[in-house]
$ cat upload_20.csv   # CSV, N, CA, C and O atoms
chain,number,residue,atom,x,y,z
B,26,MET,N,23.0,25.3,56.2
B,26,MET,CA,22.3,24.5,57.1
B,26,MET,C,22.3,25.1,58.5
B,26,MET,O,23.4,25.5,59.0
B,27,MET,N,21.2,25.1,59.2
B,27,MET,CA,21.2,25.7,60.5
B,27,MET,C,21.7,24.7,61.6
B,27,MET,O,21.4,23.5,61.5
B,28,ARG,N,22.6,25.2,62.4
B,28,ARG,CA,23.1,24.4,63.5
B,28,ARG,C,22.8,25.1,64.8
B,28,ARG,O,22.8,26.3,64.9
B,29,TYR,N,22.5,24.3,65.8
B,29,TYR,CA,22.3,24.8,67.1
B,29,TYR,C,23.6,25.0,67.8
B,29,TYR,O,24.4,24.0,67.9
B,30,GLU,N,23.9,26.2,68.2
B,30,GLU,CA,25.2,26.5,68.9
B,30,GLU,C,24.9,27.1,70.2
B,30,GLU,O,23.8,27.1,70.7
B,31,ASP,N,25.9,27.6,70.9
B,31,ASP,CA,25.8,28.2,72.2
B,31,ASP,C,24.8,29.3,72.3
B,31,ASP,O,24.2,29.6,73.3
B,32,THR,N,24.7,30.1,71.2
B,32,THR,CA,23.8,31.2,71.2
B,32,THR,C,22.3,30.8,71.2
B,32,THR,O,21.5,31.5,71.8
B,33,ALA,N,22.0,29.7,70.6
B,33,ALA,CA,20.6,29.3,70.5
B,33,ALA,C,20.5,28.1,71.5
B,33,ALA,O,21.2,27.2,71.5
B,34,GLU,N,19.5,28.2,72.4
B,34,GLU,CA,19.3,27.1,73.4
B,34,GLU,C,18.1,26.2,73.0
B,34,GLU,O,17.1,26.7,72.5
B,35,LEU,N,18.3,25.0,73.2
B,35,LEU,CA,17.3,24.0,72.9
B,35,LEU,C,16.4,23.8,74.2
B,35,LEU,O,16.9,23.9,75.3
B,36,GLU,N,15.1,23.6,74.0
B,36,GLU,CA,14.3,23.3,75.1
B,36,GLU,C,14.6,21.9,75.7
B,36,GLU,O,14.4,21.7,76.9
B,37,ASP,N,14.9,21.0,74.8
B,37,ASP,CA,15.2,19.7,75.1
B,37,ASP,C,16.7,19.6,75.7
B,37,ASP,O,17.6,19.9,75.0
B,38,LYS,N,16.8,19.2,76.9
B,38,LYS,CA,18.1,19.2,77.5
B,38,LYS,C,18.6,17.7,77.7
B,38,LYS,O,19.6,17.5,78.4
B,39,THR,N,18.0,16.8,77.0
B,39,THR,CA,18.4,15.4,77.2
B,39,THR,C,19.7,15.1,76.3
B,39,THR,O,20.1,15.9,75.5
B,40,SER,N,20.2,13.9,76.6
B,40,SER,CA,21.4,13.6,75.8
B,40,SER,C,21.1,13.4,74.3
B,40,SER,O,20.0,13.0,74.0
B,41,CYS,N,22.0,13.7,73.5
B,41,CYS,CA,21.9,13.6,72.0
B,41,CYS,C,20.9,14.6,71.5
B,41,CYS,O,20.5,14.5,70.3
B,42,SER,N,20.4,15.5,72.2
B,42,SER,CA,19.3,16.4,71.7
B,42,SER,C,19.9,17.4,70.6
B,42,SER,O,19.2,17.7,69.7
B,43,GLY,N,21.2,17.7,70.7
B,43,GLY,CA,21.8,18.5,69.7
B,43,GLY,C,21.9,17.8,68.3
B,43,GLY,O,21.6,18.4,67.3
B,44,LEU,N,22.2,16.6,68.4
B,44,LEU,CA,22.3,15.8,67.1
B,44,LEU,C,20.9,15.6,66.6
B,44,LEU,O,20.7,15.6,65.4
B,45,ARG,N,19.9,15.4,67.4
B,45,ARG,CA,18.5,15.2,67.0
B,45,ARG,C,18.1,16.4,66.3
B,45,ARG,O,17.4,16.4,65.2
B,46,ALA,N,18.4,17.6,66.8
B,46,ALA,CA,17.9,18.9,66.2
B,46,ALA,C,18.6,19.1,64.9
B,46,ALA,O,18.0,19.6,63.9
B,47,ASP,N,19.9,18.8,64.8
B,47,ASP,CA,20.7,19.0,63.6
B,47,ASP,C,20.1,18.0,62.5
B,47,ASP,O,20.0,18.4,61.3
B,48,LEU,N,19.8,16.8,62.9
B,48,LEU,CA,19.3,15.8,61.9
B,48,LEU,C,17.9,16.3,61.4
B,48,LEU,O,17.6,16.2,60.2
B,49,LYS,N,17.1,16.8,62.3
B,49,LYS,CA,15.8,17.3,61.9
B,49,LYS,C,15.8,18.5,61.0
B,49,LYS,O,15.1,18.5,60.0
B,50,MET,N,16.7,19.4,61.3
B,50,MET,CA,16.9,20.6,60.4
B,50,MET,C,17.4,20.2,59.0
B,50,MET,O,17.0,20.7,58.0
B,51,CYS,N,18.4,19.2,59.0
B,51,CYS,CA,18.9,18.7,57.7
B,51,CYS,C,17.8,18.1,56.9
B,51,CYS,O,17.7,18.3,55.7
B,52,LEU,N,17.0,17.3,57.5
B,52,LEU,CA,16.0,16.6,56.8
B,52,LEU,C,14.9,17.6,56.3
B,52,LEU,O,14.4,17.4,55.2
B,53,LEU,N,14.6,18.6,57.1
B,53,LEU,CA,13.6,19.5,56.7
B,53,LEU,C,14.0,20.4,55.5
B,53,LEU,O,13.2,20.9,54.7
B,54,GLU,N,15.4,20.6,55.4
B,54,GLU,CA,15.9,21.3,54.3
B,54,GLU,C,16.1,20.5,53.0
B,54,GLU,O,16.5,21.0,52.0
B,55,SER,N,16.0,19.2,53.1
B,55,SER,CA,16.2,18.3,51.9
B,55,SER,C,15.0,18.4,51.0
B,55,SER,O,13.9,18.8,51.3
B,56,ASP,N,15.3,17.9,49.7
B,56,ASP,CA,14.2,17.9,48.7
B,56,ASP,C,13.1,16.9,49.1
B,56,ASP,O,12.0,17.1,48.6
B,57,CYS,N,13.4,15.9,49.8
B,57,CYS,CA,12.4,15.0,50.2
B,57,CYS,C,11.3,15.6,51.0
B,57,CYS,O,10.1,15.4,50.8
B,58,CYS,N,11.6,16.5,51.9
B,58,CYS,CA,10.6,17.2,52.7
B,58,CYS,C,10.1,18.5,52.0
B,58,CYS,O,8.9,18.8,52.0
B,59,ARG,N,10.9,19.2,51.3
B,59,ARG,CA,10.5,20.5,50.7
B,59,ARG,C,9.7,20.2,49.4
B,59,ARG,O,8.7,20.8,49.2
B,60,VAL,N,10.2,19.3,48.5
B,60,VAL,CA,9.6,19.1,47.2
B,60,VAL,C,8.5,18.1,47.3
B,60,VAL,O,7.3,18.3,46.8
B,61,LYS,N,8.8,16.9,47.9
B,61,LYS,CA,7.8,15.8,47.9
B,61,LYS,C,6.8,16.0,49.1
B,61,LYS,O,5.9,15.1,49.2
B,62,LYS,N,7.0,16.9,50.0
B,62,LYS,CA,6.1,17.2,51.1
B,62,LYS,C,5.9,16.0,52.0
B,62,LYS,O,4.8,15.7,52.5
B,63,LYS,N,7.0,15.3,52.3
B,63,LYS,CA,7.0,14.2,53.2
B,63,LYS,C,7.5,14.7,54.6
B,63,LYS,O,8.2,15.7,54.7
B,64,THR,N,7.2,13.9,55.6
B,64,THR,CA,7.7,14.3,56.9
B,64,THR,C,9.1,13.7,57.0
B,64,THR,O,9.5,12.8,56.2
B,65,PRO,N,10.0,14.2,57.9
B,65,PRO,CA,11.3,13.6,58.0
B,65,PRO,C,11.3,12.1,58.4
B,65,PRO,O,12.1,11.4,57.9
B,66,ARG,N,10.3,11.7,59.2
B,66,ARG,CA,10.2,10.3,59.5
B,66,ARG,C,9.9,9.5,58.3
B,66,ARG,O,10.5,8.4,58.1
B,67,GLU,N,9.0,9.9,57.4
B,67,GLU,CA,8.7,9.2,56.2
B,67,GLU,C,9.9,9.1,55.3
B,67,GLU,O,10.1,8.1,54.6
B,68,CYS,N,10.7,10.2,55.2
B,68,CYS,CA,11.9,10.2,54.4
B,68,CYS,C,12.9,9.2,54.8
B,68,CYS,O,13.5,8.5,54.0
B,69,LEU,N,13.1,9.1,56.1
B,69,LEU,CA,14.0,8.1,56.6
B,69,LEU,C,13.5,6.7,56.5
B,69,LEU,O,14.3,5.7,56.2
B,70,GLN,N,12.2,6.5,56.7
B,70,GLN,CA,11.7,5.1,56.7
B,70,GLN,C,11.6,4.6,55.2
B,70,GLN,O,11.8,3.4,55.0
B,71,THR,N,11.4,5.4,54.3
B,71,THR,CA,11.4,5.0,52.9
B,71,THR,C,12.7,5.0,52.2
B,71,THR,O,12.9,4.5,51.1
B,72,LYS,N,13.7,5.4,53.0
B,72,LYS,CA,15.1,5.5,52.4
B,72,LYS,C,15.1,6.3,51.1
B,72,LYS,O,15.7,5.8,50.1
B,73,ASP,N,14.5,7.4,51.1
B,73,ASP,CA,14.4,8.2,49.9
B,73,ASP,C,15.8,8.6,49.3
B,73,ASP,O,16.7,9.0,50.1
B,74,PRO,N,16.0,8.5,48.0
B,74,PRO,CA,17.3,8.9,47.5
B,74,PRO,C,17.6,10.4,47.5
B,74,PRO,O,18.7,10.8,47.2
B,75,ASP,N,16.6,11.2,47.8
B,75,ASP,CA,16.8,12.6,47.8
B,75,ASP,C,17.5,13.1,49.1
B,75,ASP,O,17.7,14.3,49.2
B,76,ILE,N,17.7,12.2,50.0
B,76,ILE,CA,18.3,12.6,51.3
B,76,ILE,C,19.8,12.8,51.1
B,76,ILE,O,20.4,11.9,50.6
B,77,PRO,N,20.3,14.0,51.4
B,77,PRO,CA,21.8,14.2,51.2
B,77,PRO,C,22.6,13.3,52.1
B,77,PRO,O,22.2,12.8,53.2
B,78,ASP,N,23.9,13.1,51.7
B,78,ASP,CA,24.8,12.3,52.5
B,78,ASP,C,25.1,12.8,53.9
B,78,ASP,O,25.3,12.0,54.8
B,79,ASN,N,25.1,14.1,54.0
B,79,ASN,CA,25.4,14.7,55.4
B,79,ASN,C,24.2,14.4,56.3
B,79,ASN,O,24.5,14.2,57.5
B,80,CYS,N,23.0,14.3,55.8
B,80,CYS,CA,21.9,13.9,56.7
B,80,CYS,C,22.0,12.4,57.1
B,80,CYS,O,21.7,12.1,58.3
B,81,LEU,N,22.5,11.6,56.2
B,81,LEU,CA,22.7,10.2,56.5
B,81,LEU,C,23.8,10.0,57.6
B,81,LEU,O,23.7,9.2,58.4
B,82,ALA,N,24.8,10.9,57.4
B,82,ALA,CA,25.9,10.8,58.4
B,82,ALA,C,25.4,11.3,59.8
B,82,ALA,O,25.8,10.7,60.8
B,83,LEU,N,24.5,12.3,59.8
B,83,LEU,CA,24.0,12.8,61.1
B,83,LEU,C,23.1,11.7,61.7
B,83,LEU,O,23.0,11.5,62.9
B,84,LYS,N,22.3,11.0,60.8
B,84,LYS,CA,21.5,9.9,61.3
B,84,LYS,C,22.4,8.8,62.0
B,84,LYS,O,22.0,8.3,63.1
B,85,ASN,N,23.5,8.5,61.4
B,85,ASN,CA,24.4,7.5,62.0
B,85,ASN,C,25.0,8.0,63.3
B,85,ASN,O,25.1,7.2,64.3
B,86,LEU,N,25.4,9.2,63.4
B,86,LEU,CA,25.9,9.8,64.6
B,86,LEU,C,24.8,9.8,65.7
B,86,LEU,O,25.1,9.5,66.9
B,87,PHE,N,23.6,10.1,65.3
B,87,PHE,CA,22.5,10.1,66.3
B,87,PHE,C,22.3,8.7,66.8
B,87,PHE,O,22.1,8.5,68.0
B,88,PHE,N,22.3,7.7,65.9
B,88,PHE,CA,22.2,6.3,66.3
B,88,PHE,C,23.3,5.9,67.3
B,88,PHE,O,23.1,5.3,68.3
B,89,GLU,N,24.6,6.3,67.0
B,89,GLU,CA,25.7,5.9,67.8
B,89,GLU,C,25.6,6.6,69.2
B,89,GLU,O,25.9,6.0,70.2
B,90,CYS,N,25.1,7.8,69.2
B,90,CYS,CA,24.9,8.5,70.5
B,90,CYS,C,23.9,7.8,71.4
B,90,CYS,O,24.1,7.6,72.6
B,91,LYS,N,22.7,7.5,70.8
B,91,LYS,CA,21.7,6.7,71.5
B,91,LYS,C,22.2,5.4,72.0
B,91,LYS,O,21.9,4.9,73.1
B,92,ARG,N,23.0,4.7,71.1
B,92,ARG,CA,23.5,3.4,71.5
B,92,ARG,C,24.5,3.5,72.7
B,92,ARG,O,24.5,2.6,73.6
B,93,SER,N,25.2,4.6,72.7
B,93,SER,CA,26.2,4.8,73.8
B,93,SER,C,25.5,5.0,75.1
B,93,SER,O,26.1,4.7,76.2
B,94,LEU,N,24.3,5.4,75.1
B,94,LEU,CA,23.5,5.6,76.4
B,94,LEU,C,23.2,4.2,77.0
B,94,LEU,O,23.1,4.1,78.2
B,95,LEU,N,23.1,3.2,76.2
B,95,LEU,CA,22.8,1.9,76.7
B,95,LEU,C,24.0,1.0,77.0
B,95,LEU,O,24.0,0.0,77.6
B,96,ASP,N,25.2,1.5,76.5
B,96,ASP,CA,26.4,0.8,76.6
B,96,ASP,C,27.0,1.0,78.0
B,96,ASP,O,27.3,2.2,78.4
B,97,ASN,N,27.3,0.0,78.8
B,97,ASN,CA,27.9,0.1,80.1
B,97,ASN,C,29.3,0.6,80.1
B,97,ASN,O,29.8,1.1,81.1
B,98,ARG,N,30.0,0.5,79.0
B,98,ARG,CA,31.4,0.9,78.9
B,98,ARG,C,31.4,2.5,79.0
B,98,ARG,O,32.5,3.0,79.2
B,99,THR,N,30.3,3.1,78.7
B,99,THR,CA,30.4,4.6,78.7
B,99,THR,C,30.5,5.2,80.1
B,99,THR,O,30.8,6.4,80.3
B,100,ARG,N,30.4,4.3,81.1
B,100,ARG,CA,30.7,4.8,82.5
B,100,ARG,C,32.1,5.2,82.6
B,100,ARG,O,32.5,6.2,83.3
B,101,PHE,N,33.0,4.6,81.8
B,101,PHE,CA,34.4,4.9,81.9
B,101,PHE,C,34.8,5.9,80.8
B,101,PHE,O,35.7,6.8,81.0
B,102,ARG,N,34.2,5.9,79.7
B,102,ARG,CA,34.5,6.7,78.5
B,102,ARG,C,33.7,8.0,78.5
B,102,ARG,O,34.2,9.0,77.8
B,103,GLY,N,32.6,8.1,79.0
B,103,GLY,CA,31.7,9.3,78.9
B,103,GLY,C,30.8,9.1,77.8
B,103,GLY,O,31.0,8.3,76.9
B,104,ARG,N,29.7,9.9,77.8
B,104,ARG,CA,28.7,9.9,76.7
B,104,ARG,C,29.1,10.7,75.5
B,104,ARG,O,29.9,11.7,75.6
B,105,ARG,N,28.6,10.3,74.4
B,105,ARG,CA,28.8,11.0,73.1
B,105,ARG,C,27.8,12.1,72.9
B,105,ARG,O,26.7,12.0,73.5
B,106,GLY,N,28.0,13.0,72.1
B,106,GLY,CA,27.0,13.9,71.6
B,106,GLY,C,26.9,15.2,72.5
B,106,GLY,O,25.9,15.9,72.4
B,107,TYR,N,27.9,15.6,73.2
B,107,TYR,CA,27.9,16.8,73.9
B,107,TYR,C,28.3,18.0,73.1
B,107,TYR,O,29.0,17.9,72.2
$ encode --input "upload_20.csv" --output "structure tokens"
Amino acid sequence: MMRYEDTAELEDKTSCSGLRADLKMCLLESDCCRVKKKTPRECLQTKDPDIPDNCLALKNLFFECKRSLLDNRTRFRGRRGY
């Protein structure tokens, strides 16, 4: 699976962009997108059983990262997803 690291730079510099890119690449490499020719959004919305567990874990991490942006306690703890 392709991961974005220090050598490859993302155009998107917003918070949680690294997790978003990893989730997108994971979904694009899954059978749901490659074999069934669905978009990553359709795969997630239909809860397709062909989505690997590591993609579902990335989806949960991305959700937690986005939620931490709205949480006022992060002023003390710092943001997730760096």
$ atom_distance --input "upload_20.csv" --atom1 "atom O of B:Arg66" --atom2 "atom N of B:Arg92"
18.4 Å
$ atom_distance --input "upload_20.csv" --atom1 "atom C of B:Asp75" --atom2 "atom O of B:Phe88"
21.5 Å
$ closest_residue --input "upload_20.csv" --among "B:Leu83, B:Cys57, B:Leu44, B:Met50" --to "B:Thr71" --atoms "only C-alpha atoms"
B:Cys57
$ atom_distance --input "upload_20.csv" --atom1 "atom CA of B:Val60" --atom2 "atom N of B:Ile76"
11.0 Å
$ residues_around --input "upload_20.csv" --residues "B:Pro65" --least-positions-apart "6" --cutoff "9 Å" --atoms "only C-alpha atoms" --output "short mmCIF file (atom, residue, chain, number, x, y, z; two decimals) with N, CA, C and O atoms, in the coordinates of the input"
data_model
loop_
_atom_site.label_atom_id
_atom_site.label_comp_id
_atom_site.auth_asym_id
_atom_site.auth_seq_id
_atom_site.Cartn_x
_atom_site.Cartn_y
_atom_site.Cartn_z
N LYS B 49 17.10 16.80 62.30
CA LYS B 49 15.80 17.30 61.90
C LYS B 49 15.80 18.50 61.00
O LYS B 49 15.10 18.50 60.00
N LEU B 52 17.00 17.30 57.50
CA LEU B 52 16.00 16.60 56.80
C LEU B 52 14.90 17.60 56.30
O LEU B 52 14.40 17.40 55.20
N LEU B 53 14.60 18.60 57.10
CA LEU B 53 13.60 19.50 56.70
C LEU B 53 14.00 20.40 55.50
O LEU B 53 13.20 20.90 54.70
N CYS B 57 13.40 15.90 49.80
CA CYS B 57 12.40 15.00 50.20
C CYS B 57 11.30 15.60 51.00
O CYS B 57 10.10 15.40 50.80
N CYS B 58 11.60 16.50 51.90
CA CYS B 58 10.60 17.20 52.70
C CYS B 58 10.10 18.50 52.00
O CYS B 58 8.90 18.80 52.00
#
$ residues_around --input "upload_20.csv" --residues "B:Cys51" --least-positions-apart "2" --cutoff "8 Å" --atoms "only C-alpha atoms" --output "ChimeraX atom specification"
/B:26-27,47-49,53-55,79-80
$ closest_residue --input "upload_20.csv" --among "B:Lys62, B:Asp56, B:Asp73, B:Lys91" --to "B:Gly43" --atoms "only C-alpha atoms"
B:Lys91
$ closest_residue --input "upload_20.csv" --among "B:Pro77, B:Lys61, B:Phe87, B:Asn97" --to "B:Cys41" --atoms "only N, CA, C and O atoms"
B:Phe87
